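> For reference, the structure I am asking about is given below.
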Amino acid sequence: MEKKVNEWIPEEQTEYISLLGDILSERYHTDHPKAFVHTYGCQQNVADSEKIKGMLIEMGCELTEDKEEADIILFNTCAVREHAEDRVFGNVGALKTLKRQKPSLLIALCGCMMEQEHIAEKIYKSYPYVGLVFGTHVIHRFPELLFHAVTTGKRTVERGTDDGKLYEGIPIHRDGSFKGWLPVMYGCDNFCTYCIVPYVRGRERSRESAVILTEAKGMVQSGYKEITLLGQNVNSYGKGLSENIRFPQLLKSVADIEGDFWVSFMTSHPKDASKELIDVIAENPKISRHLHLPFQCGSDRLLKKMNRHYTVEKYMDIVNYAKERIPDLALTSDVIVGFPGETEEDFQQTLDLIRTVEFTSLFTFIYSPRVGTPAASFEDPYTHEDKARRMGELLKLQEQISAKRTAAMVGKVCRVLVEEQAREGVLNARTQGGVVVEVAGTPDLIGTFRYAKITEARNFILRGELDGVTE
Ligand code: SAH
Ligand code: SF4
Ligand code: F3S
């Protein structure tokens, strides 16, 4: 019999949500207790936090940006690099005084860090004022866990083992009103040797396409102008589903929904990025002219040690095809500097790749050893200073490329989505390739599509003029 992966949120969780309405009101002497939710890490975590916020709101809570006035403080944590973890420890440490002043304050930690044994232990031992800890696999049981923490007054720790399922029907409170995240799959099966994600997020599982399309339609109907399909490796979407569907078809179906909106996606693993995917982007103007295709490193020797399953040649094949099919494509990437044993020659190959591709922008990381990953025990004769110097060199090169690319946009007219106020009288708008353009305008334009003529590129910031075309 086929294993059922996609399940509906168990009914008892909905019951806990309604029970918590009264329990929290009584505990905090208000109909609307205040919850502060802060998210570290990637968009997957942002999307998870939107569910946690959705559940809190159903319990009657009000969200606040101010920790001082909060009754519940929740940090959704990230484990991808040491720096991310250090920030969480620092910020949890800083809550000690607040908890002393307000004993009824409930401090909760969840997310990727909590799925690591040694971290959960450290929290338990060194931060006794943290009342609730739960991992990524049990988010759907948040109501039950919160209920346990507040009714027993006992510290509650639940780190799920991955049950291989995904739960639909959890309420969502989206942070944005015109740009929204839409997870299409969870987990990762790739086990790149440096990466903690597969250990803390579990095995890959895809949502059924009908559920995704219904959610996307709902978003379009409620005025969303940009929908970003999310997954650690969206290109392997569909594996394990009983329906026969792959990511390019899903992407096209979302783009086919009636309405004026853009659809984007992240992240694409180069080993699974197909020409079919590029064709779908090329042929559908609603799909963003942006491909985030992390290459990580320009040395085949290291790509092998990273377990990435592609070579520079294969990466360039897909990049060249994409550039040819989509001339206005913005390519971005992640790159790791200082992977264990990275020689000067390996590093120069990374620079060569950057020079050849000319990325619009890069997300750059110095390698950070993660407990339990294979690369953490690889030999590494290079010092942090060596790595920092290489990083400096890489950033300088990318700065030149970005400057050249932004300069080349001057004079063009682009359709942009107006996103936010940068300062009095100035708005930030974004092109379909994800490039920010500053334009003069008033906040009522936020959340609308406009056309902007790019007039100037200075210090990597593009300036433009709205051409008066209203849509
Ligand atoms: N699933 C995505 C990436 C998720 S993690 C993908 O494969 O593209 C985001 C980025 O963090 C990775 O692309 C990688 O560049 C970086 N990263 C992951 N683990 C790291 C580590 N241990 N040290 C430094 N950077 C790391
Ligand atoms: Fe990590 Fe690799 Fe999975 Fe991305 S594909 S989340 S880098 S293991
Ligand atoms: Fe961090 Fe977890 Fe995302 S480790 S990068 S928040 S999947």
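Chain labels run A, B, ... following the order of the structure tokens; each chain numbers its residues from 1, and ligands are numbered from 1 in the order shown.
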What does the list of residues within 9 Å of ligand 3 look like if you count only C-alpha atoms and all ligand atoms, written as a VMD selection string?
chain A and resid 39 to 46 76 to 81 84 111 to 113 136 187 to 188 195 to 198 200 to 201 232
> Give the residue list for ligand 2 at 10 Å, counting only C-alpha atoms and all ligand atoms, as a ChimeraX atom specification, sorted by chain and then by residue number.
/A:80,187-201,203-204,231-234,267-271,294-296,306-308,334,373
> Can I get the selection written as a PDB file, in the first residue's frame, with C-alpha atoms?

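Final output, saved to out.pdb:
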ATOM      1  CA  VAL A  80      23.007  26.729   8.905  1.00  0.00           C
ATOM      2  CA  GLY A 187      13.043  18.800   3.698  1.00  0.00           C
ATOM      3  CA  CYS A 188      16.082  17.865   1.652  1.00  0.00           C
ATOM      4  CA  ASP A 189      17.614  14.567   0.541  1.00  0.00           C
ATOM      5  CA  ASN A 190      20.820  15.888  -0.942  1.00  0.00           C
ATOM      6  CA  PHE A 191      23.215  15.733   1.990  1.00  0.00           C
ATOM      7  CA  CYS A 192      25.786  18.181   0.684  1.00  0.00           C
ATOM      8  CA  THR A 193      28.677  17.371   3.013  1.00  0.00           C
ATOM      9  CA  TYR A 194      28.852  20.839   4.600  1.00  0.00           C
ATOM     10  CA  CYS A 195      25.130  21.260   5.217  1.00  0.00           C
ATOM     11  CA  ILE A 196      23.001  20.669   8.311  1.00  0.00           C
ATOM     12  CA  VAL A 197      19.628  21.187   6.597  1.00  0.00           C
ATOM     13  CA  PRO A 198      18.841  17.520   5.754  1.00  0.00           C
ATOM     14  CA  TYR A 199      19.478  16.580   9.407  1.00  0.00           C
ATOM     15  CA  VAL A 200      17.242  19.255  10.875  1.00  0.00           C
ATOM     16  CA  ARG A 201      14.517  19.353   8.227  1.00  0.00           C
ATOM     17  CA  ARG A 203      13.425  13.908   4.167  1.00  0.00           C
ATOM     18  CA  GLU A 204      12.040  15.583   1.075  1.00  0.00           C
ATOM     19  CA  GLY A 231      11.648  24.483  -1.273  1.00  0.00           C
ATOM     20  CA  GLN A 232      15.270  23.562  -0.508  1.00  0.00           C
ATOM     21  CA  ASN A 233      15.444  22.083  -3.978  1.00  0.00           C
ATOM     22  CA  VAL A 234      12.271  22.883  -5.888  1.00  0.00           C
ATOM     23  CA  THR A 267      16.002  27.297  -4.506  1.00  0.00           C
ATOM     24  CA  SER A 268      17.116  25.401  -7.588  1.00  0.00           C
ATOM     25  CA  HIS A 269      19.832  22.785  -7.290  1.00  0.00           C
ATOM     26  CA  PRO A 270      21.973  22.821 -10.454  1.00  0.00           C
ATOM     27  CA  LYS A 271      22.029  19.023 -10.648  1.00  0.00           C
ATOM     28  CA  PRO A 294      23.784  28.142  -6.169  1.00  0.00           C
ATOM     29  CA  PHE A 295      27.087  26.851  -7.580  1.00  0.00           C
ATOM     30  CA  GLN A 296      28.880  26.891  -4.180  1.00  0.00           C
ATOM     31  CA  MET A 306      30.778  18.671  -1.332  1.00  0.00           C
ATOM     32  CA  ASN A 307      28.616  15.891  -2.826  1.00  0.00           C
ATOM     33  CA  ARG A 308      26.975  18.331  -5.238  1.00  0.00           C
ATOM     34  CA  ASP A 334      25.303  31.118  -3.186  1.00  0.00           C
ATOM     35  CA  THR A 373      28.070  16.681   8.904  1.00  0.00           C
TER      36      THR A 373
END
> Determine which residues of stretch 18-165 of chain A DSSP labels as helix (DSSP H, G or I) from the backbone of this structure, then write them out as number ranges by chain.
A: 18-28, 43-58, 67-69, 82-93, 96-101, 112-115, 117-126, 136-152
> Hey, what does DSSP flag as strand (DSSP E or B) within stretch 20-260 of chain A? Can you give it to me as a ChimeraX atom specification?
/A:34-39,62-63,72-77,106-111,132-134,156-158,166-168,179-183,185-186,205-206,226-230
> Go through A:Val150, A:Cys61, A:Ala322, A:Ile354 and flag the residue nearest A:Lys275, using only C-alpha atoms for the distances.
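Using only C-alpha atoms, A:Lys275 sits closest to A:Ala322.
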> Rank A:Asp272, A:Arg141, A:Thr64, A:Glu208 by their smallest atom-to-atom distance to A:Pro33, using only C-alpha atoms, and report the top residue only.
A:Thr64
> Any idea what's packed within 12 Å of A:Cys297, counting only C-alpha atoms, ignoring anything in its chain fewer than 3 positions away? Could you give it as a PyMOL selection string?
chain A and resi 270+293-294+300-308+310-312+315+333-340+342-343+345-354+364-367+394
> Could you write those residues out with N, CA and C atoms, as a tab-separated table (two decimals), in the first residue's frame?

chain	number	residue	atom	x	y	z
A	270	PRO	N	21.53	22.95	-9.06
A	270	PRO	CA	21.97	22.82	-10.45
A	270	PRO	C	21.89	21.39	-10.99
A	293	LEU	N	20.66	30.07	-8.63
A	293	LEU	CA	21.23	28.75	-8.93
A	293	LEU	C	22.58	28.61	-8.22
A	294	PRO	N	22.54	28.17	-6.96
A	294	PRO	CA	23.78	28.14	-6.17
A	294	PRO	C	24.83	27.19	-6.76
A	300	ASP	N	35.87	21.49	-9.62
A	300	ASP	CA	35.23	20.16	-9.72
A	300	ASP	C	35.68	19.25	-8.58
A	301	ARG	N	36.96	19.39	-8.22
A	301	ARG	CA	37.50	18.55	-7.13
A	301	ARG	C	36.69	18.78	-5.84
A	302	LEU	N	36.45	20.05	-5.53
A	302	LEU	CA	35.71	20.34	-4.29
A	302	LEU	C	34.21	20.07	-4.44
A	303	LEU	N	33.67	20.30	-5.64
A	303	LEU	CA	32.23	20.01	-5.82
A	303	LEU	C	31.96	18.55	-5.50
A	304	LYS	N	32.94	17.70	-5.85
A	304	LYS	CA	32.80	16.28	-5.56
A	304	LYS	C	32.83	16.06	-4.04
A	305	LYS	N	33.79	16.72	-3.39
A	305	LYS	CA	33.88	16.57	-1.92
A	305	LYS	C	32.66	17.16	-1.21
A	306	MET	N	32.00	18.09	-1.91
A	306	MET	CA	30.78	18.67	-1.33
A	306	MET	C	29.56	17.80	-1.60
A	307	ASN	N	29.73	16.78	-2.45
A	307	ASN	CA	28.62	15.89	-2.83
A	307	ASN	C	27.53	16.65	-3.61
A	308	ARG	N	27.95	17.51	-4.53
A	308	ARG	CA	26.97	18.33	-5.24
A	308	ARG	C	26.44	17.68	-6.51
A	310	TYR	N	27.38	17.76	-9.66
A	310	TYR	CA	27.51	18.39	-10.97
A	310	TYR	C	28.94	18.87	-11.11
A	311	THR	N	29.31	19.17	-12.34
A	311	THR	CA	30.65	19.73	-12.59
A	311	THR	C	30.45	21.17	-13.06
A	312	VAL	N	31.56	21.91	-13.11
A	312	VAL	CA	31.47	23.29	-13.60
A	312	VAL	C	30.92	23.28	-15.03
A	315	TYR	N	27.23	22.92	-14.94
A	315	TYR	CA	26.64	24.17	-14.43
A	315	TYR	C	26.60	25.20	-15.56
A	333	SER	N	23.42	33.58	-6.98
A	333	SER	CA	23.96	32.30	-6.52
A	333	SER	C	24.45	32.39	-5.09
A	334	ASP	N	24.61	31.22	-4.47
A	334	ASP	CA	25.30	31.12	-3.19
A	334	ASP	C	26.70	30.59	-3.47
A	335	VAL	N	27.67	31.07	-2.70
A	335	VAL	CA	29.03	30.55	-2.85
A	335	VAL	C	29.68	30.41	-1.48
A	336	ILE	N	30.38	29.30	-1.32
A	336	ILE	CA	31.07	29.06	-0.04
A	336	ILE	C	32.57	29.25	-0.26
A	337	VAL	N	33.18	30.06	0.58
A	337	VAL	CA	34.63	30.25	0.52
A	337	VAL	C	35.22	29.49	1.69
A	338	GLY	N	36.36	28.78	1.43
A	338	GLY	CA	37.07	28.13	2.53
A	338	GLY	C	36.50	26.79	2.94
A	339	PHE	N	35.89	26.09	1.98
A	339	PHE	CA	35.50	24.70	2.27
A	339	PHE	C	36.78	23.95	2.64
A	340	PRO	N	36.72	22.96	3.57
A	340	PRO	CA	37.95	22.31	4.03
A	340	PRO	C	38.86	21.88	2.87
A	342	GLU	N	40.27	23.81	0.64
A	342	GLU	CA	40.20	24.66	-0.56
A	342	GLU	C	41.57	25.30	-0.79
A	343	THR	N	42.21	24.95	-1.91
A	343	THR	CA	43.54	25.50	-2.21
A	343	THR	C	43.37	26.83	-2.93
A	345	GLU	N	44.34	27.35	-5.82
A	345	GLU	CA	43.91	27.03	-7.18
A	345	GLU	C	42.38	26.81	-7.24
A	346	ASP	N	41.86	26.08	-6.26
A	346	ASP	CA	40.40	25.88	-6.21
A	346	ASP	C	39.70	27.24	-6.16
A	347	PHE	N	40.24	28.10	-5.28
A	347	PHE	CA	39.62	29.41	-5.10
A	347	PHE	C	39.65	30.22	-6.39
A	348	GLN	N	40.79	30.16	-7.09
A	348	GLN	CA	40.89	30.90	-8.36
A	348	GLN	C	39.85	30.39	-9.36
A	349	GLN	N	39.56	29.10	-9.29
A	349	GLN	CA	38.53	28.54	-10.19
A	349	GLN	C	37.14	29.08	-9.85
A	350	THR	N	36.92	29.31	-8.57
A	350	THR	CA	35.65	29.94	-8.16
A	350	THR	C	35.57	31.35	-8.74
A	351	LEU	N	36.68	32.09	-8.65
A	351	LEU	CA	36.69	33.45	-9.21
A	351	LEU	C	36.46	33.40	-10.72
A	352	ASP	N	37.09	32.42	-11.37
A	352	ASP	CA	36.92	32.29	-12.84
A	352	ASP	C	35.45	32.11	-13.19
A	353	LEU	N	34.78	31.24	-12.42
A	353	LEU	CA	33.36	30.99	-12.72
A	353	LEU	C	32.55	32.28	-12.54
A	354	ILE	N	32.86	33.01	-11.48
A	354	ILE	CA	32.12	34.27	-11.22
A	354	ILE	C	32.35	35.25	-12.38
A	364	THR	N	27.36	35.25	-0.21
A	364	THR	CA	28.68	34.66	0.01
A	364	THR	C	28.84	34.21	1.47
A	365	PHE	N	29.39	33.03	1.67
A	365	PHE	CA	29.53	32.51	3.03
A	365	PHE	C	30.92	31.92	3.24
A	366	ILE	N	31.50	32.19	4.40
A	366	ILE	CA	32.73	31.47	4.77
A	366	ILE	C	32.28	30.16	5.38
A	367	TYR	N	32.93	29.08	4.98
A	367	TYR	CA	32.53	27.75	5.46
A	367	TYR	C	32.50	27.71	6.99
A	394	LEU	N	36.99	37.94	-3.39
A	394	LEU	CA	35.78	37.56	-4.11
A	394	LEU	C	34.76	38.71	-4.11
> I'd like the neighbourhood of stretch 424-429 of chain A as a PyMOL selection string, where a residue qualifies if any of its atoms comes within 9 Å (using only C-alpha atoms), though same-chain residues fewer than 5 positions away should be ignored.
chain A and resi 416-419+435-443+445-446+449-450+452
> Between A:Arg205, A:Lys217, A:His38, A:Lys179, which one has atoms that come closest to A:Val88, using only C-alpha atoms?
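The answer is A:His38, which sits nearest to A:Val88.
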